[in-house]
>>> print(open('start.tsv').read())   # TSV, C-alpha atoms
chain	number	residue	atom	x	y	z
I	73	MET	CA	-46.43	-4.50	-0.03
I	74	PRO	CA	-44.78	-3.70	-3.35
I	75	ALA	CA	-41.77	-5.77	-4.27
I	76	MET	CA	-38.70	-3.71	-3.54
I	77	THR	CA	-35.22	-4.22	-4.83
I	78	MET	CA	-33.69	-1.26	-3.10
I	79	ILE	CA	-30.30	-0.34	-4.44
I	80	PRO	CA	-27.75	-0.02	-1.64
I	81	ASP	CA	-26.79	3.52	-0.76
I	82	LEU	CA	-23.44	4.84	-1.97
I	83	ASP	CA	-20.80	5.89	0.51
I	84	ILE	CA	-17.66	6.52	-1.51
I	85	SER	CA	-14.77	8.29	0.15
I	86	GLY	CA	-13.01	10.71	-2.12
I	87	SER	CA	-9.41	10.66	-3.30
I	88	GLN	CA	-7.16	13.24	-4.92
I	89	SER	CA	-8.82	12.63	-8.27
I	90	THR	CA	-12.30	11.42	-7.27
I	91	PRO	CA	-15.12	13.13	-5.35
I	92	ILE	CA	-16.85	12.08	-2.14
I	93	ILE	CA	-20.15	10.51	-3.20
I	94	ARG	CA	-22.98	9.73	-0.78
I	95	SER	CA	-26.56	8.79	-1.43
I	96	ASP	CA	-29.53	8.69	0.93
I	97	TRP	CA	-32.39	6.66	-0.52
I	98	ALA	CA	-34.69	7.42	2.41
I	99	ALA	CA	-34.16	11.19	2.09
I	100	GLY	CA	-34.09	11.17	-1.74
I	101	ARG	CA	-30.72	12.85	-1.83
I	102	LEU	CA	-27.40	12.39	-3.63
I	103	THR	CA	-24.33	14.43	-2.72
I	104	MET	CA	-21.01	14.77	-4.54
I	105	GLN	CA	-18.09	16.92	-3.47
I	106	GLY	CA	-14.56	17.60	-4.63
I	107	ASP	CA	-12.46	17.20	-7.76
I	108	SER	CA	-13.20	14.55	-10.35
I	109	TYR	CA	-10.57	13.64	-12.93
I	110	PRO	CA	-10.17	9.86	-13.07
I	111	GLU	CA	-8.89	8.48	-16.39
I	112	ASN	CA	-12.08	6.58	-17.03
I	113	SER	CA	-14.89	8.32	-15.20
I	114	TYR	CA	-17.43	5.58	-15.90
I	115	ASP	CA	-15.50	3.18	-13.64
I	116	LEU	CA	-16.63	5.52	-10.89
I	117	PHE	CA	-19.88	6.98	-12.21
I	118	ASP	CA	-21.60	3.82	-13.48
I	119	GLN	CA	-22.67	3.00	-9.93
I	120	VAL	CA	-23.95	6.55	-9.42
I	121	ILE	CA	-25.91	6.39	-12.67
I	122	ALA	CA	-27.36	3.02	-11.56
I	123	TRP	CA	-28.39	4.46	-8.19
I	124	VAL	CA	-30.12	7.47	-9.81
I	125	GLN	CA	-31.87	5.21	-12.34
I	126	GLY	CA	-32.95	2.87	-9.54
I	127	PHE	CA	-34.34	5.65	-7.42
I	128	LEU	CA	-36.21	7.26	-10.31
I	129	THR	CA	-37.72	3.94	-11.40
I	130	GLN	CA	-38.64	2.51	-8.01
I	131	GLU	CA	-39.69	5.61	-6.14
I	132	SER	CA	-42.10	8.40	-6.88
I	133	ARG	CA	-40.65	10.76	-4.27
I	134	PRO	CA	-38.58	13.83	-5.20
I	135	LEU	CA	-34.85	13.47	-5.86
I	136	ARG	CA	-32.40	16.17	-4.90
I	137	LEU	CA	-28.74	16.46	-5.93
I	138	GLU	CA	-26.45	18.48	-3.65
I	139	LEU	CA	-23.17	19.19	-5.44
I	140	GLY	CA	-19.91	20.72	-4.33
I	141	LEU	CA	-17.93	19.57	-7.34
I	142	VAL	CA	-14.87	21.64	-8.22
I	143	TYR	CA	-12.73	20.58	-11.18
I	144	LEU	CA	-14.09	18.00	-13.63
I	145	ASN	CA	-12.09	16.51	-16.50
I	146	THR	CA	-13.97	16.03	-19.76
I	147	SER	CA	-14.55	12.35	-19.00
I	148	SER	CA	-16.32	13.34	-15.74
I	149	VAL	CA	-18.25	16.10	-17.51
I	150	LYS	CA	-19.66	13.46	-19.87
I	151	ALA	CA	-20.69	11.20	-17.00
I	152	MET	CA	-22.33	14.10	-15.12
I	153	MET	CA	-24.23	15.04	-18.26
I	154	ASP	CA	-25.64	11.51	-18.36
I	155	ILE	CA	-26.88	11.95	-14.78
I	156	PHE	CA	-28.46	15.35	-15.51
I	157	ASP	CA	-30.11	13.83	-18.62
I	158	LEU	CA	-31.72	11.14	-16.43
I	159	LEU	CA	-33.14	13.88	-14.21
I	160	GLU	CA	-34.40	15.78	-17.27
I	161	GLU	CA	-36.18	12.69	-18.57
I	162	ALA	CA	-37.82	12.11	-15.18
I	163	HIS	CA	-38.78	15.77	-14.93
I	164	GLU	CA	-40.47	15.62	-18.34
I	165	GLN	CA	-42.56	12.75	-16.97
I	166	GLY	CA	-43.71	14.93	-14.11
I	167	ARG	CA	-41.18	13.92	-11.44
I	168	GLN	CA	-39.89	16.42	-8.93
I	169	VAL	CA	-36.10	16.67	-9.26
I	170	SER	CA	-33.61	19.41	-8.44
I	171	VAL	CA	-29.92	20.26	-8.37
I	172	THR	CA	-28.10	22.64	-6.07
I	173	TRP	CA	-24.48	23.31	-6.95
I	174	HIS	CA	-22.36	25.12	-4.35
I	175	TYR	CA	-19.21	26.81	-5.63
I	176	ASP	CA	-16.32	28.79	-4.22
I	177	PRO	CA	-16.97	32.36	-5.41
I	178	ARG	CA	-13.20	32.95	-5.71
I	179	ASN	CA	-13.13	30.62	-8.72
I	180	GLU	CA	-15.58	31.64	-11.45
I	181	ARG	CA	-14.73	28.56	-13.56
I	182	ILE	CA	-16.83	26.32	-11.31
I	183	ALA	CA	-19.94	28.47	-11.70
I	184	GLU	CA	-19.33	28.66	-15.48
I	185	LEU	CA	-19.16	24.87	-15.68
I	186	ALA	CA	-22.38	24.52	-13.66
I	187	GLU	CA	-24.07	27.13	-15.91
I	188	GLU	CA	-23.28	25.08	-19.01
I	189	PHE	CA	-24.94	22.03	-17.51
I	190	LYS	CA	-27.91	24.13	-16.46
I	191	GLU	CA	-28.47	25.31	-20.06
I	192	ASP	CA	-29.72	21.83	-20.97
I	193	CYS	CA	-31.96	21.34	-17.91
I	194	SER	CA	-35.50	22.58	-17.44
I	195	TYR	CA	-35.86	21.52	-13.76
I	196	PRO	CA	-34.78	23.68	-10.79
I	197	PHE	CA	-30.98	23.99	-11.01
I	198	VAL	CA	-29.55	26.39	-8.45
I	199	ILE	CA	-25.93	27.57	-8.60
I	200	THR	CA	-25.03	29.20	-5.34
I	201	PRO	CA	-21.81	30.66	-3.88
I	202	ALA	CA	-20.63	28.79	-0.81
I	203	LYS	CA	-19.60	30.72	2.29
I	204	VAL	CA	-15.89	31.39	2.14
I	205	VAL	CA	-13.90	30.83	5.30
I	206	PRO	CA	-11.23	33.55	5.20
S	298	MET	CA	25.07	14.63	-18.16
S	299	ASP	CA	25.17	18.35	-18.73
S	300	LEU	CA	22.83	19.57	-16.03
S	301	LEU	CA	24.01	23.11	-16.41
S	302	SER	CA	22.89	23.31	-20.03
S	303	MET	CA	19.56	21.72	-19.05
S	304	ARG	CA	19.19	24.31	-16.34
S	305	GLU	CA	20.04	27.13	-18.73
S	306	SER	CA	17.55	25.88	-21.29
S	307	TYR	CA	14.79	25.65	-18.63
S	308	GLN	CA	15.56	29.14	-17.43
S	309	ARG	CA	15.59	30.54	-20.96
S	310	GLU	CA	12.21	28.94	-21.71
S	311	ARG	CA	10.86	29.89	-18.24
S	312	VAL	CA	9.98	26.26	-17.52
S	313	MET	CA	8.24	25.92	-14.14
S	314	LEU	CA	7.88	22.20	-14.24
S	315	CYS	CA	8.79	19.43	-16.64
S	316	PHE	CA	8.75	15.68	-16.90
S	317	ASN	CA	10.01	13.12	-19.38
S	318	GLY	CA	9.42	9.40	-19.17
S	319	PRO	CA	6.76	6.70	-18.78
S	320	ILE	CA	3.71	8.36	-17.28
S	321	SER	CA	1.46	6.37	-14.94
S	322	ARG	CA	-1.92	7.34	-13.55
S	323	SER	CA	-0.41	8.10	-10.14
S	324	LEU	CA	2.41	10.14	-11.68
S	325	ILE	CA	-0.15	12.30	-13.48
S	326	GLU	CA	-1.77	12.96	-10.10
S	327	GLU	CA	1.50	13.65	-8.30
S	328	ILE	CA	2.84	16.00	-10.96
S	329	GLY	CA	-0.58	17.65	-11.07
S	330	LYS	CA	-0.42	18.20	-7.33
S	331	ALA	CA	3.04	19.76	-7.66
S	332	LEU	CA	1.75	21.97	-10.47
S	333	ARG	CA	-1.19	23.16	-8.39
S	334	ASN	CA	1.05	23.87	-5.41
S	335	TYR	CA	3.44	25.80	-7.59
S	336	LEU	CA	0.65	27.90	-9.14
S	337	ASP	CA	-0.63	28.53	-5.65
S	338	THR	CA	2.73	29.86	-4.47
S	339	GLN	CA	2.85	32.01	-7.62
S	340	GLN	CA	-0.51	33.43	-6.50
S	341	ALA	CA	-2.04	32.63	-9.87
S	342	ALA	CA	-5.74	33.52	-10.04
S	343	PRO	CA	-7.78	30.41	-9.10
S	344	ALA	CA	-9.51	30.37	-12.51
S	345	ALA	CA	-6.19	30.57	-14.40
S	346	ALA	CA	-4.65	27.90	-12.17
S	347	MET	CA	-7.61	25.62	-12.89
S	348	ASP	CA	-7.30	26.21	-16.65
S	349	VAL	CA	-3.60	25.32	-16.58
S	350	PHE	CA	-4.33	22.21	-14.50
S	351	ALA	CA	-7.18	21.23	-16.86
S	352	ALA	CA	-4.96	21.55	-19.96
S	353	TYR	CA	-2.29	19.44	-18.23
S	354	ILE	CA	-4.81	16.73	-17.23
S	355	GLU	CA	-6.49	16.50	-20.64
S	356	MET	CA	-3.15	16.35	-22.49
S	357	THR	CA	-1.59	13.69	-20.27
S	358	GLN	CA	-4.75	11.57	-20.07
S	359	ASN	CA	-5.07	11.72	-23.88
S	360	ILE	CA	-1.50	10.41	-24.11
S	361	ARG	CA	-2.29	7.55	-21.70
S	362	HIS	CA	-5.48	6.62	-23.56
S	363	TYR	CA	-3.66	6.66	-26.90
S	364	ALA	CA	-0.75	4.54	-25.64
S	365	ARG	CA	-3.20	2.01	-24.19
S	366	ARG	CA	-5.21	1.79	-27.42
S	367	GLN	CA	-1.98	1.24	-29.37
S	368	GLY	CA	-0.77	-1.38	-26.91
S	369	TYR	CA	2.51	0.49	-26.44
S	370	GLY	CA	4.97	-0.80	-23.84
S	371	ASP	CA	6.35	1.44	-21.12
S	372	ASP	CA	9.24	2.73	-23.22
S	373	GLN	CA	6.88	3.88	-25.97
S	374	ALA	CA	4.11	5.03	-23.62
S	375	SER	CA	6.15	7.88	-22.33
S	376	ALA	CA	5.34	11.56	-22.34
S	377	THR	CA	7.28	14.79	-22.36
S	378	VAL	CA	5.43	17.45	-20.40
S	379	ALA	CA	6.40	21.04	-19.65
S	380	VAL	CA	4.62	23.98	-18.07
S	381	ALA	CA	6.22	27.35	-18.70
S	382	GLN	CA	5.47	31.05	-18.80
S	383	ASP	CA	5.91	33.11	-21.95
S	384	SER	CA	7.55	36.53	-21.97
S	385	GLU	CA	4.17	38.13	-21.19
S	386	GLY	CA	3.61	35.90	-18.18
S	387	ARG	CA	0.99	33.70	-19.85
S	388	TYR	CA	1.10	30.03	-18.92
S	389	GLN	CA	2.06	27.55	-21.58
S	390	VAL	CA	1.22	23.89	-21.20
S	391	SER	CA	3.01	21.51	-23.58
S	392	ALA	CA	2.95	17.78	-23.98
S	393	GLY	CA	4.51	15.46	-26.52
S	394	ASN	CA	4.41	11.77	-27.25
S	395	LEU	CA	5.25	9.13	-29.79
S	396	VAL	CA	2.50	8.44	-32.31
S	397	GLU	CA	1.93	6.49	-35.49
S	398	THR	CA	2.55	9.09	-38.21
S	399	PRO	CA	-0.94	8.95	-39.83
S	400	ASP	CA	-2.53	9.43	-36.36
S	401	GLY	CA	-0.26	12.41	-35.77
S	402	GLN	CA	-1.19	13.92	-39.13
S	403	ARG	CA	-4.89	13.61	-38.27
S	404	LEU	CA	-4.25	15.25	-34.89
S	405	VAL	CA	-2.36	18.16	-36.42
S	406	ALA	CA	-5.21	18.65	-38.93
S	407	THR	CA	-7.78	18.62	-36.08
S	408	ILE	CA	-5.83	21.21	-34.13
S	409	GLU	CA	-5.38	23.41	-37.20
S	410	ALA	CA	-9.14	23.24	-37.80
S	411	LEU	CA	-9.85	24.21	-34.18
S	412	ALA	CA	-7.60	27.27	-34.61
S	413	GLY	CA	-10.13	28.71	-37.05
S	414	LEU	CA	-13.05	28.59	-34.60
S	415	ASP	CA	-14.07	31.43	-32.28
S	416	LYS	CA	-15.21	30.88	-28.68
S	417	THR	CA	-18.89	30.47	-29.63
S	418	GLU	CA	-18.09	27.93	-32.33
S	419	LEU	CA	-15.76	26.06	-29.95
S	420	LYS	CA	-18.52	25.87	-27.34
S	421	ALA	CA	-21.01	24.54	-29.92
S	422	ALA	CA	-18.46	21.94	-31.11
S	423	TYR	CA	-17.74	20.95	-27.49
S	424	LYS	CA	-21.42	20.46	-26.71
S	425	ARG	CA	-21.91	18.48	-29.91
S	426	GLN	CA	-18.97	16.23	-29.05
S	427	LEU	CA	-20.29	15.78	-25.51
S	428	ARG	CA	-23.55	14.45	-26.99
S	429	GLN	CA	-21.78	11.82	-29.09
S	430	PRO	CA	-22.67	8.30	-27.94
S	431	ARG	CA	-20.41	6.91	-25.29
S	432	ASP	CA	-17.74	4.90	-27.04
S	433	GLU	CA	-16.47	2.01	-24.96
S	434	ALA	CA	-13.25	1.89	-26.97
S	435	SER	CA	-12.23	5.44	-26.14
S	436	PRO	CA	-13.69	6.24	-22.74
S	437	SER	CA	-12.54	9.83	-22.67
S	438	GLY	CA	-14.29	10.65	-25.94
S	439	ALA	CA	-11.86	11.45	-28.72
S	440	GLY	CA	-11.53	15.13	-29.33
S	441	LEU	CA	-13.45	16.33	-26.29
S	442	GLY	CA	-10.23	16.96	-24.37
S	443	LEU	CA	-8.75	18.97	-27.26
S	444	LEU	CA	-11.91	21.06	-27.53
S	445	ASP	CA	-11.80	21.70	-23.79
S	446	ILE	CA	-8.18	22.88	-23.99
S	447	ALA	CA	-8.99	25.06	-27.03
S	448	ARG	CA	-11.80	26.73	-25.08
S	449	LYS	CA	-9.47	27.48	-22.17
S	450	SER	CA	-6.69	28.85	-24.39
S	451	SER	CA	-6.15	32.55	-24.99
S	452	GLN	CA	-4.71	31.85	-28.44
S	453	PRO	CA	-4.89	28.93	-30.89
S	454	MET	CA	-3.08	25.76	-29.84
S	455	ARG	CA	0.10	24.91	-31.73
S	456	ALA	CA	0.90	21.37	-32.83
S	457	SER	CA	3.86	19.85	-34.60
S	458	LEU	CA	4.93	16.47	-35.88
S	459	GLN	CA	8.56	15.39	-36.23
S	460	PRO	CA	9.40	12.04	-37.85
S	461	LEU	CA	11.26	9.52	-35.68
S	462	SER	CA	11.22	6.52	-38.00
S	463	GLU	CA	9.52	5.21	-41.15
S	464	THR	CA	6.20	4.87	-39.35
S	465	GLN	CA	6.36	6.84	-36.12
S	466	SER	CA	6.63	10.52	-35.22
S	467	PHE	CA	6.87	12.74	-32.17
S	468	PHE	CA	3.69	14.76	-31.74
S	469	SER	CA	3.82	17.89	-29.62
S	470	LEU	CA	1.10	20.26	-28.56
S	471	THR	CA	1.28	23.63	-26.82
S	472	ALA	CA	-1.63	25.52	-25.32
S	473	THR	CA	-1.33	29.11	-24.11
S	474	ILE	CA	-3.74	29.80	-21.28
>>> encode(input="start.tsv", output="structure tokens")
Amino acid sequence: MPAMTMIPDLDISGSQSTPIIRSDWAAGRLTMQGDSYPENSYDLFDQVIAWVQGFLTQESRPLRLELGLVYLNTSSVKAMMDIFDLLEEAHEQGRQVSVTWHYDPRNERIAELAEEFKEDCSYPFVITPAKVVP
Amino acid sequence: MDLLSMRESYQRERVMLCFNGPISRSLIEEIGKALRNYLDTQQAAPAAAMDVFAAYIEMTQNIRHYARRQGYGDDQASATVAVAQDSEGRYQVSAGNLVETPDGQRLVATIEALAGLDKTELKAAYKRQLRQPRDEASPSGAGLGLLDIARKSSQPMRASLQPLSETQSFFSLTATI
């Protein structure tokens, strides 16, 4: 049995200015949904970065990010870029990682934001319109 | 207090929303919520509404970060914020705060330099700034917010600096979305 120091899963309920964040170590999945504009994003995202780092170091299974992020302030953009960079590094070492970003097709800004992140990633990064409930 | 003249000035400048005073984290959120609701009732396009909201957030959070770094008390850590529409219906987001004059002069110079960049150059500068090492002293990354606002603006941002004392000035910034 390998020594395991499994990092506890994240289950962060969202607020007006912070997204819902859930991780599932067993499934190899991290989900984030909603707006993110806290004053100091790293107060929130440091634990997410630690979870992603932990998973990528301790596991060899694929990691999948499911995102439904909407508005991000620049502080959150910087933190998200750090997360995508971790995935890029892992991908370059042969790991299977992917991002799916669901956006509301009524607001093209969200897709544009996702596209800019995608420009710096060479792993599968899918930007897909979410079904709109009329 | 002459509320009527305040009202007339707001109407003349087409001010939709304004605030003056110490600005807390929760106030930024509450005013932001009011702004979003207002834009929603105005049936602003979702992308335009998000750009206005983004400019408002970056400006007010910059003011909070600056006041904290300077160790300003509540009376000095206040902001003057207004969201208006110009005569062509474009949204204008303005924010002003007290600064040390040399800091204000640097800011005005930065904003004047940004005015000379086109959208492609602004994007390149934004991405370069994003790649700067994370600075614990200024968690939001100095300049990134301004670049973000510049990218969302339909015309160059306008900044001004008016002296208040020997050492301090009032800095104000307007972005047209």
>>> interface_residues(input="start.tsv", of="chain S", to="chain I", cutoff="7 Å", atoms="only C-alpha atoms", output="CSV table (one decimal) with C-alpha atoms, in the coordinates of the input")
chain,number,residue,atom,x,y,z
S,343,PRO,CA,-7.8,30.4,-9.1
S,344,ALA,CA,-9.5,30.4,-12.5
S,351,ALA,CA,-7.2,21.2,-16.9
S,355,GLU,CA,-6.5,16.5,-20.6
S,358,GLN,CA,-4.8,11.6,-20.1
S,427,LEU,CA,-20.3,15.8,-25.5
S,436,PRO,CA,-13.7,6.2,-22.7
S,437,SER,CA,-12.5,9.8,-22.7
S,441,LEU,CA,-13.4,16.3,-26.3
S,442,GLY,CA,-10.2,17.0,-24.4
>>> closest_residue(input="start.tsv", among="I:Lys203, I:Lys190, I:His163, I:Arg101", to="Pro177 (chain I)", atoms="all atoms listed in the file")
I:Lys203
>>> atom_distance(input="start.tsv", atom1="CA of Thr200 (chain I)", atom2="CA of Ala352 (chain S)")
26.0 Å
>>> closest_residue(input="start.tsv", among="I:Trp173, I:Tyr195, I:Trp123, I:Phe117", to="Met78 (chain I)", atoms="all atoms listed in the file")
I:Trp123
>>> residues_around(input="start.tsv", residues="Ile320 (chain S)", least_positions_apart="5", cutoff="10 Å", atoms="all atoms listed in the file", output="PyMOL selection string")
chain S and resi 325+328+357-358+360-361+371-372+374-378
